[in-house]
There are 4 protein chains.
Amino acid sequence: MDKSTRYKIFNDPIHGFITVPKGPILRLIDHPYVQRLRRIRQLGLGYLVFPAAEHSRFSHALGALELAQRVLNNLREKDTTISQPEYDGTLMAILLHDVGHGPLSHTLEHSLIQDFNHEMMSLSIMKELNREFEGELDTAISIFTNQYKKKFLHQLISSQLDLDRLDYLRRDSFFTGVSEGTVGINRILKTMRVFKGNIVIEKKGIYAIENYIIARRLMYMQVYQHKTVLSADFLLRSIFKRVRKLIDEGQSLQFPSPPLEYFLREQPSAKKQISPKMIDLYARLDDYDVYVCIKQWADADDKILADLCFRFLNRDLFRTTFLDKKPGKAFQEEMKQKTAKALKRKRLPDDDQSISHYLSFERSYSEAYKYKNESIWILEDEQAVEFSKAAETKNIIALTEPVVKHYCIHLKSITPDKSH
Amino acid sequence: MDKSTRYKIFNDPIHGFITVPKGPILRLIDHPYVQRLRRIRQLGLGYLVFPAAEHSRFSHALGALELAQRVLNNLREKDTTISQPEYDGTLMAILLHDVGHGPLSHTLEHSLIQDFNHEMMSLSIMKELNREFEGELDTAISIFTNQYKKKFLHQLISSQLDLDRLDYLRRDSFFTGVSEGTVGINRILKTMRVFKGNIVIEKKGIYAIENYIIARRLMYMQVYQHKTVLSADFLLRSIFKRVRKLIDEGQSLQFPSPPLEYFLREQPSAKKQISPKMIDLYARLDDYDVYVCIKQWADADDKILADLCFRFLNRDLFRTTFLDKKPGKAFQEEMKQKTAKALKRKRLPDDDQSISHYLSFERSYSEAYKYKNESIWILEDEQAVEFSKAAETKNIIALTEPVVKHYCIHLKSITPDKSH
Amino acid sequence: MDKSTRYKIFNDPIHGFITVPKGPILRLIDHPYVQRLRRIRQLGLGYLVFPAAEHSRFSHALGALELAQRVLNNLREKDTTISQPEYDGTLMAILLHDVGHGPLSHTLEHSLIQDFNHEMMSLSIMKELNREFEGELDTAISIFTNQYKKKFLHQLISSQLDLDRLDYLRRDSFFTGVSEGTVGINRILKTMRVFKGNIVIEKKGIYAIENYIIARRLMYMQVYQHKTVLSADFLLRSIFKRVRKLIDEGQSLQFPSPPLEYFLREQPSAKKQISPKMIDLYARLDDYDVYVCIKQWADADDKILADLCFRFLNRDLFRTTFLDKKPGKAFQEEMKQKTAKALKRKRLPDDDQSISHYLSFERSYSEAYKYKNESIWILEDEQAVEFSKAAETKNIIALTEPVVKHYCIHLKSITPDKSH
Amino acid sequence: MDKSTRYKIFNDPIHGFITVPKGPILRLIDHPYVQRLRRIRQLGLGYLVFPAAEHSRFSHALGALELAQRVLNNLREKDTTISQPEYDGTLMAILLHDVGHGPLSHTLEHSLIQDFNHEMMSLSIMKELNREFEGELDTAISIFTNQYKKKFLHQLISSQLDLDRLDYLRRDSFFTGVSEGTVGINRILKTMRVFKGNIVIEKKGIYAIENYIIARRLMYMQVYQHKTVLSADFLLRSIFKRVRKLIDEGQSLQFPSPPLEYFLREQPSAKKQISPKMIDLYARLDDYDVYVCIKQWADADDKILADLCFRFLNRDLFRTTFLDKKPGKAFQEEMKQKTAKALKRKRLPDDDQSISHYLSFERSYSEAYKYKNESIWILEDEQAVEFSKAAETKNIIALTEPVVKHYCIHLKSITPDKSH
């Protein structure tokens, strides 16, 4: 076969041409399990705030794959030995690292399966694929689960400075238009090195790392925990909570999506295992199932459900108010009464459960850099120094303190006293 | 009200901050009819070829709105009188110019309603909105239908150099990563002027126009009529044709989307009028309805339908081969026989109708610039000169000849003799 | 006059089209004093490290002018009254704020005139221009010297968040290719507001400010105080010190640039006043004078001067080593002896003065944000809060601690013990 | 030596990090002959029209070097054998292809040496370097002069689609801000291939080539032959013509630049050979010599010379008027008389020779693609087809017709009748 047809080229507005060699990796990309990611938005409901942030998990997975190719080539240039199976295994692992995400990414992660997180499903799907690919994913799975001897390969897949984060920060920044989140990916990749079996950053890359940590912080503040994103997420969870209640009460409800019906009715648990049936049905779920159900439910008999779904479809969201402190009992009670009144005015039920669909007290938590456990290491004078202790950045640590915010999600017609 | 809260700001990766004054325009943006555009991809199935081209008609409508604000401000700077109602009317018209698009943009335009195009629906929806907004859209509708006295306002909405095209060329180029389609929008907007009641381009903008026409041509060749996009479009139309056939035969079929079921079963016509019912149901349709139906139909009893839907979901597309000339009878016959054999091998029906879902002879047509009817005018020495006759660009006309290509869409296992 | 010819348009790769109305501002741009800035590189010797950072003070002055137009328009939109003379005065002041820079920007600032800084010269030149423009710069001068009643106009010209910094950070980042310095200028400009007579940032701009401060810090670390830039600056200062010595000793020396000869021979002082003669000759100086002299001096009889100039022209620079602490006596002595030996090997004089041209102990100082005196104010709940005390950024203060670094500049053949 | 120190990294705003291996190529970059290119602007006087187009030939040479690395790596990927000496030779040849450029690039090419073009000097300098590098440039010279057996290597250095053009089009477009000149370099590089010993473009790159040709045309129209650039070039040539006249007449004139004095006084010829002395002095010339002389001459006794130089320094340029046809005798005579009158009013000599410094009739010529001699070849069905004959682009040929324009350069106070 002629070389020029040995590759498939994908166009990416961020990384340019992504060249994928024909063979198992391209076959994985073409597999229904991966193609499904085209129908799951990377930022879930983020597009309701950032209109162009409509990118899918699929384009992110391709982007992370490209970064893996670049960094592995760079490391080889720097005399780190990486065999072809290790090279391919790393590509497969990064391609599939998020394959277990469900519809709308994180929002519904805990609404469909009990005792579950998406990494568990990613692993289950990888094992399933490994059977189908007759063992071709052995090394990938070993790297993904950090059982592979060369630990630095796992660190590229999952660590404080992994290719997943590098791609999604850059990608989310690009599509949201929030330029503060721009990360100098190429500089970081160029200064990565393997030192005593671990990924370290050469000293000249230290400011690129500082910028990366700050960019991460700013993306949390401005995008991932944007007020309106938080309230849209709550609305969606409210809808699913309501549906669960109606099911429990035995009310009839239409389900245009059979797999979604299965998960909501059965509420399977991942505690013991993820059964083949769960995998099969989960792999048929995507954003489309959720939207079509919500469109149907906007005409439901249950007034609360219909109202919530109508709001969702037409972006008539609740409001988020950040609070100066943890909300006290009295304040909570006052807000409940105001909500009840407002519901009554709209001729909606105003019992406690109903109120709970329209009012919530929550807190967000973000940590730009967790130096305490897994760290980013800088190579200074042939020594690996933990990033926050490196000479030039001693005081950056302050910025990496976890940020906790209390907030209240409520009807727009209510104005809470945030300092109550 | 304080000025800083009189606007809503949208972040756009292409145009930066889009500032929309509170009032009727923002209320239109928030209306369900416009919010629906968030669920319709601008490039239909283009994302199957360009993984990041997942942008919606909504972000395009906002982008075109922003360009309208810029150009109207520029024209005012150049002493063209534009009253506030005219200003707002133009913004409304450009915001709503595509509101009548159905799911997947152009692909299904003729599958849902007979004797129809999306502009008809845009107008119907605008009239509907005008009732709801109590006449606030009067000027917008007058501009949209080219009945307004100041013709240049309509030209901004719909002409060979309208804001719709300027935004979508730039936007599609941006998200596909096809840099050849990049248009210097700002230069074009800056050199627009009203001359004797029409939009003209000042002479210094002539090369920006040349570049715009070439960019348009290149986007047709590389994106809009990309081989794989053509074959994906055909597959989707095949699916809908099959469904229509099954309905005609009275076969049972599940429809998780009631509005889609209505259009496919009833096949309403827009010949006499677009009825309120048609508007209402159409306004509930988006890409999600189509995908969820296709996901359901992948399990249909009809083997052909199930096969087509499975292919669609997992991107197992047909192949497009461009032909050196119009396909002759013998060649067509040969291809049919090959297709029949291939279907048989897959244990699928191989009758003529079945074959027609797997094989098609088509032709594409594109024309980068139609100088014959509506033209682009250049202002040279205070005279408006038709672009292709302007001094510097006389020979560009050659490039604007319509391009016609014959092609065949067929199963990947078949290799047609393209010069037969 | 027709509107479209009332403006001149400049193309800028960063801000796009910069539109300047014909009249006094355009006449100022065309004035020899401002045109001179085309021949002074913005980053002095920075291009020796960042090959494409060859941009001039002229393009920066135009860029800052454009930002002034944008922010003044925004402020007017937000109901701040700005009269036309105030508008024009601010534009003039920002255009001319750096007009007093001498060749190679900062490096030679103190080598040409005693008791001097470039702001003094900027003011002198503005006054000179004001005579020529018959008082048209009255308001500009009043704003520049902070005597104008509306303090916020001065703050736009000179403060911790002025348009000068916003343009040069973005511009230097753009041309060096150091993406970590990218600043979201438009977001900052959009969120600026006048509150109680001062420029404040609306709360939604707080993260853009955080990013701006970090970007400033990173540009200091990576560009402005880059090791090689520091050593190139030292080399240039060494050359001028040597020339001064030779003049003092009465040695003959060729001066292809008469104005440069004047300043080096006469060493005028700005203590009492900047004389018209000083202004006139200073305004004829630019980078070209320096380079041509250095090219001539590369053939000088004085071996040290010739060697230093040859090194400069051919980028054979010294090395900079950052030290772990303030260099002690013994370490300094040791370095001097090593330098003397190296000079001897090259058959160059090795006396103390000669050594001082090849060896230097210095310290750099940078402070990304000086919260102690003039501050950046954030508008929170209709109160102006100092940036580092704003709710969301309390811990950023750590990052704004001044950074002091000791370093040694020395011959490449010597390897100092940095922890001595 | 550790791999990470085996390279030097340059930051480029266009191509990102440019990695150059230590060894002969880096030693060439550091050589005074190449460092000199830092002091020659790529676009000569173009920065007078495009303020940020201040980039040097040095950054362009580095950029072209980077493109060479990319394309050679790609070709190797496609199984074309390229030995290390061939690889390095190609890099050296592209790095040095423009090393023979004199001050201000093209403008003065014929003013300094008779019977000369810059390629001749590039070759002379390469040979000189080869002596110094003891034969390390043998292959480079062989490739540069097209004597090397593998012709495709020379085609990368010099052809209608060489790396020189690819870099300078992109670079000039980037720094001027003329986005119409943007070229999709990476797509072109990715689709280059060696076929029967020649560089060809794979069919999927055909639109990138079309875009490249159009971009080239647009850059000619908008940048390289911009009216004001043409008039600035004429002014500079006028200055040098005047200086030559004064020398011929034996008038005294100060020359702050000895090498420039040599070339202007001696007017050496390159007909027989380029002597070592010519090389040596030429290699000391750069833009700085020209500017410092002009600054000095602005005070010359000769009024014409002083006036021309003052205009040059302060950008008081002549005007260019494009003519509808070749200027006739009568028109020329009329313009001369008007010019004489204007000179008289300014108390400047108004004899014929003086007029010739203020008035010129010229014509420009540009050809975006010369299909007649060396061509661009497209690979269609394993056949190399000349670009303008390829199926998809038949009519592009019209756009590649040479464009000839007549124009007149004259004093701004005169308004010529362009259709006379």
# chains A, B, ... in the order shown; residues from 1 in each chain; ligands from 1
call {"tool": "residues_around", "arguments": {"residues": "Leu72 of chain A", "least_positions_apart": "4", "cutoff": "9 Å", "atoms": "only C-alpha atoms", "output": "list in words"}}
result
Leu67, Ala68, Arg76, Glu77, Thr80, Ile82, Tyr87 and Thr90 of chain A
call {"tool": "write_last_selection", "arguments": {"atoms": "N, CA and C atoms", "output": "tab-separated table (two decimals), in the first residue's frame"}}
result
chain	number	residue	atom	x	y	z
A	67	LEU	N	-2.59	14.99	20.62
A	67	LEU	CA	-1.58	15.43	21.59
A	67	LEU	C	-0.72	14.26	22.03
A	68	ALA	N	-1.34	13.10	22.18
A	68	ALA	CA	-0.57	11.92	22.57
A	68	ALA	C	0.46	11.58	21.50
A	76	ARG	N	10.31	10.23	22.32
A	76	ARG	CA	11.23	9.37	21.58
A	76	ARG	C	12.43	10.18	21.09
A	77	GLU	N	12.19	11.39	20.61
A	77	GLU	CA	13.29	12.29	20.19
A	77	GLU	C	14.29	12.48	21.32
A	80	THR	N	13.78	8.56	25.02
A	80	THR	CA	13.00	7.64	25.83
A	80	THR	C	12.52	6.52	24.93
A	82	ILE	N	10.12	3.90	23.63
A	82	ILE	CA	8.69	3.59	23.67
A	82	ILE	C	8.44	2.63	22.51
A	87	TYR	N	3.28	2.60	22.32
A	87	TYR	CA	2.82	3.79	21.60
A	87	TYR	C	1.33	3.65	21.27
A	90	THR	N	-0.99	3.59	24.33
A	90	THR	CA	-1.26	4.90	24.91
A	90	THR	C	-2.29	5.66	24.08
call {"tool": "closest_atom_pairs", "arguments": {"of": "chain A", "to": "chain B", "cutoff": "9 Å", "atoms": "only C-alpha atoms", "output": "CSV"}}
result
residue,atom,partner,partner_atom,distance
A:Phe10,CA,B:Phe50,CA,6.9
A:Asn11,CA,B:Gly177,CA,5.7
A:Asp12,CA,B:Gly177,CA,5.5
A:Pro13,CA,B:Gly177,CA,4.2
A:Ile14,CA,B:Gly177,CA,7.9
A:Gly16,CA,B:Gly177,CA,7.0
A:Phe17,CA,B:Gly177,CA,8.6
A:Asp30,CA,B:Asn314,CA,7.3
A:His31,CA,B:Asn314,CA,7.0
A:Pro32,CA,B:Asn314,CA,5.1
A:Tyr33,CA,B:Asn314,CA,8.6
A:Val34,CA,B:Asn314,CA,9.0
A:Gln35,CA,B:Asn314,CA,6.1
A:Arg36,CA,B:Asn314,CA,7.7
A:Arg38,CA,B:Pro51,CA,8.1
A:Tyr47,CA,B:Arg38,CA,8.6
A:Leu48,CA,B:Arg38,CA,8.6
A:Val49,CA,B:Phe10,CA,7.8
A:Phe50,CA,B:Asn11,CA,6.0
A:Pro51,CA,B:Ser59,CA,5.7
A:Ala52,CA,B:Ser59,CA,5.9
A:Ala53,CA,B:His55,CA,8.0
A:Glu54,CA,B:His55,CA,5.9
A:His55,CA,B:Glu54,CA,5.9
A:Ser56,CA,B:Glu54,CA,7.6
A:Phe58,CA,B:Pro51,CA,7.5
A:Ser59,CA,B:Pro51,CA,5.7
A:His60,CA,B:Ala52,CA,8.9
A:Leu62,CA,B:Pro51,CA,8.7
A:Ser173,CA,B:Pro13,CA,8.9
A:Phe174,CA,B:Pro13,CA,6.6
A:Phe175,CA,B:Pro13,CA,5.9
A:Thr176,CA,B:Pro13,CA,6.4
A:Gly177,CA,B:Pro13,CA,4.2
A:Val178,CA,B:Asn11,CA,7.5
A:Ser179,CA,B:Pro13,CA,8.8
A:Phe255,CA,B:Pro256,CA,8.1
A:Pro256,CA,B:Pro256,CA,4.6
A:Ser257,CA,B:Pro256,CA,7.2
A:Pro258,CA,B:Gln296,CA,8.5
A:Arg284,CA,B:Lys295,CA,8.2
A:Asp287,CA,B:Tyr288,CA,8.5
A:Tyr288,CA,B:Tyr288,CA,5.2
A:Asp289,CA,B:Val292,CA,6.5
A:Tyr291,CA,B:Tyr288,CA,6.8
A:Val292,CA,B:Tyr288,CA,6.3
A:Cys293,CA,B:Pro256,CA,8.9
A:Lys295,CA,B:Arg284,CA,8.2
A:Gln296,CA,B:Ser257,CA,8.0
A:Leu313,CA,B:Pro32,CA,7.5
A:Asn314,CA,B:Pro32,CA,5.1
A:Arg315,CA,B:Asp30,CA,7.3
A:Asp316,CA,B:Asp30,CA,8.2
call {"tool": "residues_around", "arguments": {"residues": "Asn130 of chain B", "least_positions_apart": "2", "cutoff": "12 Å", "atoms": "only C-alpha atoms", "output": "VMD selection string"}}
result
chain B and resid 24 28 89 92 to 93 96 123 to 128 132 to 142
call {"tool": "residues_around", "arguments": {"residues": "Asp299 of chain B", "least_positions_apart": "6", "cutoff": "9 Å", "atoms": "only C-alpha atoms", "output": "JSON list (two decimals) with N, CA and C atoms, in the first residue's frame"}}
result
[["chain", "number", "residue", "atom", "x", "y", "z"],
["B", 305, "LEU", "N", -34.55, -0.74, 5.96],
["B", 305, "LEU", "CA", -34.57, 0.42, 6.84],
["B", 305, "LEU", "C", -33.58, 0.23, 8.00],
["B", 306, "ALA", "N", -33.60, -0.94, 8.60],
["B", 306, "ALA", "CA", -32.70, -1.20, 9.73],
["B", 306, "ALA", "C", -31.25, -1.05, 9.29],
["B", 307, "ASP", "N", -30.94, -1.59, 8.15],
["B", 307, "ASP", "CA", -29.56, -1.51, 7.66],
["B", 307, "ASP", "C", -29.15, -0.06, 7.41],
["B", 309, "CYS", "N", -30.34, 2.65, 8.72],
["B", 309, "CYS", "CA", -30.23, 3.40, 9.98],
["B", 309, "CYS", "C", -28.97, 3.00, 10.75],
["B", 310, "PHE", "N", -28.66, 1.73, 10.75],
["B", 310, "PHE", "CA", -27.44, 1.29, 11.43],
["B", 310, "PHE", "C", -26.22, 1.94, 10.80]]
call {"tool": "atom_distance", "arguments": {"atom1": "atom CA of Ile214 of chain C", "atom2": "atom CA of Gln42 of chain A"}}
result
27.8 Å
call {"tool": "residues_around", "arguments": {"residues": "Arg242 of chain B", "least_positions_apart": "5", "cutoff": "12 Å", "atoms": "only C-alpha atoms", "output": "short mmCIF file (atom, residue, chain, number, x, y, z; two decimals) with N, CA and C atoms, in the first residue's frame"}}
result
data_model
loop_
_atom_site.label_atom_id
_atom_site.label_comp_id
_atom_site.auth_asym_id
_atom_site.auth_seq_id
_atom_site.Cartn_x
_atom_site.Cartn_y
_atom_site.Cartn_z
N SER B 111 -38.32 16.76 2.15
CA SER B 111 -38.88 15.46 2.55
C SER B 111 -40.07 15.60 3.48
N LEU B 235 -27.73 9.10 2.13
CA LEU B 235 -28.15 8.04 3.06
C LEU B 235 -29.35 8.51 3.88
N LEU B 236 -29.31 9.72 4.33
CA LEU B 236 -30.40 10.24 5.14
C LEU B 236 -31.68 10.33 4.30
N ARG B 237 -31.54 10.82 3.09
CA ARG B 237 -32.73 10.89 2.25
C ARG B 237 -33.27 9.49 1.93
N ILE B 247 -44.77 3.48 5.11
CA ILE B 247 -46.05 4.10 5.49
C ILE B 247 -47.08 3.87 4.39
N ASP B 248 -46.69 4.11 3.16
CA ASP B 248 -47.61 3.92 2.04
C ASP B 248 -48.13 2.49 1.99
N GLU B 249 -47.26 1.56 2.33
CA GLU B 249 -47.65 0.15 2.31
C GLU B 249 -48.43 -0.25 3.56
N GLN B 251 -47.28 -0.46 6.56
CA GLN B 251 -46.48 -1.20 7.54
C GLN B 251 -46.45 -0.43 8.86
N LEU B 253 -44.73 1.09 12.17
CA LEU B 253 -43.42 1.69 12.37
C LEU B 253 -43.53 2.56 13.60
N LEU B 264 -44.34 12.98 8.17
CA LEU B 264 -44.08 11.85 7.29
C LEU B 264 -45.36 11.14 6.89
N ILE B 294 -34.23 7.57 14.02
CA ILE B 294 -33.28 6.68 13.34
C ILE B 294 -32.73 5.63 14.31
N TRP B 297 -35.42 3.08 14.54
CA TRP B 297 -35.59 2.33 13.29
C TRP B 297 -34.43 1.38 13.02
N ALA B 300 -35.81 -1.78 13.31
CA ALA B 300 -37.07 -2.01 12.60
C ALA B 300 -37.11 -3.40 11.96
N ASP B 302 -38.24 -4.00 8.97
CA ASP B 302 -37.82 -3.87 7.57
C ASP B 302 -36.30 -3.88 7.51
N LYS B 303 -35.76 -4.87 6.82
CA LYS B 303 -34.32 -5.06 6.84
C LYS B 303 -33.57 -3.90 6.21
N ILE B 304 -34.13 -3.41 5.13
CA ILE B 304 -33.47 -2.29 4.45
C ILE B 304 -33.42 -1.08 5.37
N LEU B 305 -34.55 -0.74 5.96
CA LEU B 305 -34.57 0.42 6.84
C LEU B 305 -33.58 0.23 8.00
N ALA B 306 -33.60 -0.94 8.60
CA ALA B 306 -32.70 -1.20 9.73
C ALA B 306 -31.25 -1.05 9.29
N ASP B 307 -30.94 -1.59 8.15
CA ASP B 307 -29.56 -1.51 7.66
C ASP B 307 -29.15 -0.06 7.41
N LEU B 308 -30.02 0.70 6.75
CA LEU B 308 -29.69 2.10 6.46
C LEU B 308 -29.47 2.89 7.75
N CYS B 309 -30.34 2.65 8.72
CA CYS B 309 -30.23 3.40 9.98
C CYS B 309 -28.97 3.00 10.75
N GLN B 353 -36.44 -1.21 -6.18
CA GLN B 353 -36.62 -0.16 -5.17
C GLN B 353 -35.53 -0.25 -4.10
N SER B 354 -35.22 -1.44 -3.67
CA SER B 354 -34.17 -1.61 -2.66
C SER B 354 -32.85 -1.05 -3.18
N ILE B 355 -32.55 -1.39 -4.42
CA ILE B 355 -31.30 -0.89 -5.00
C ILE B 355 -31.26 0.63 -4.96
N SER B 356 -32.42 1.22 -5.19
CA SER B 356 -32.43 2.70 -5.24
C SER B 356 -32.05 3.33 -3.91
N HIS B 357 -32.06 2.56 -2.84
CA HIS B 357 -31.60 3.10 -1.55
C HIS B 357 -30.09 3.02 -1.41
N TYR B 358 -29.44 2.31 -2.30
CA TYR B 358 -28.00 2.05 -2.15
C TYR B 358 -27.20 2.59 -3.32
#
call {"tool": "select_by_dssp", "arguments": {"residues": "segment 183-243 of chain C", "states": "alpha helix (DSSP H)", "output": "PyMOL selection string"}}
result
chain C and resi 185-191+206-219+227-243
call {"tool": "atom_distance", "arguments": {"atom1": "atom CA of Asp417 of chain D", "atom2": "atom CA of Ser360 of chain D"}}
result
14.9 Å
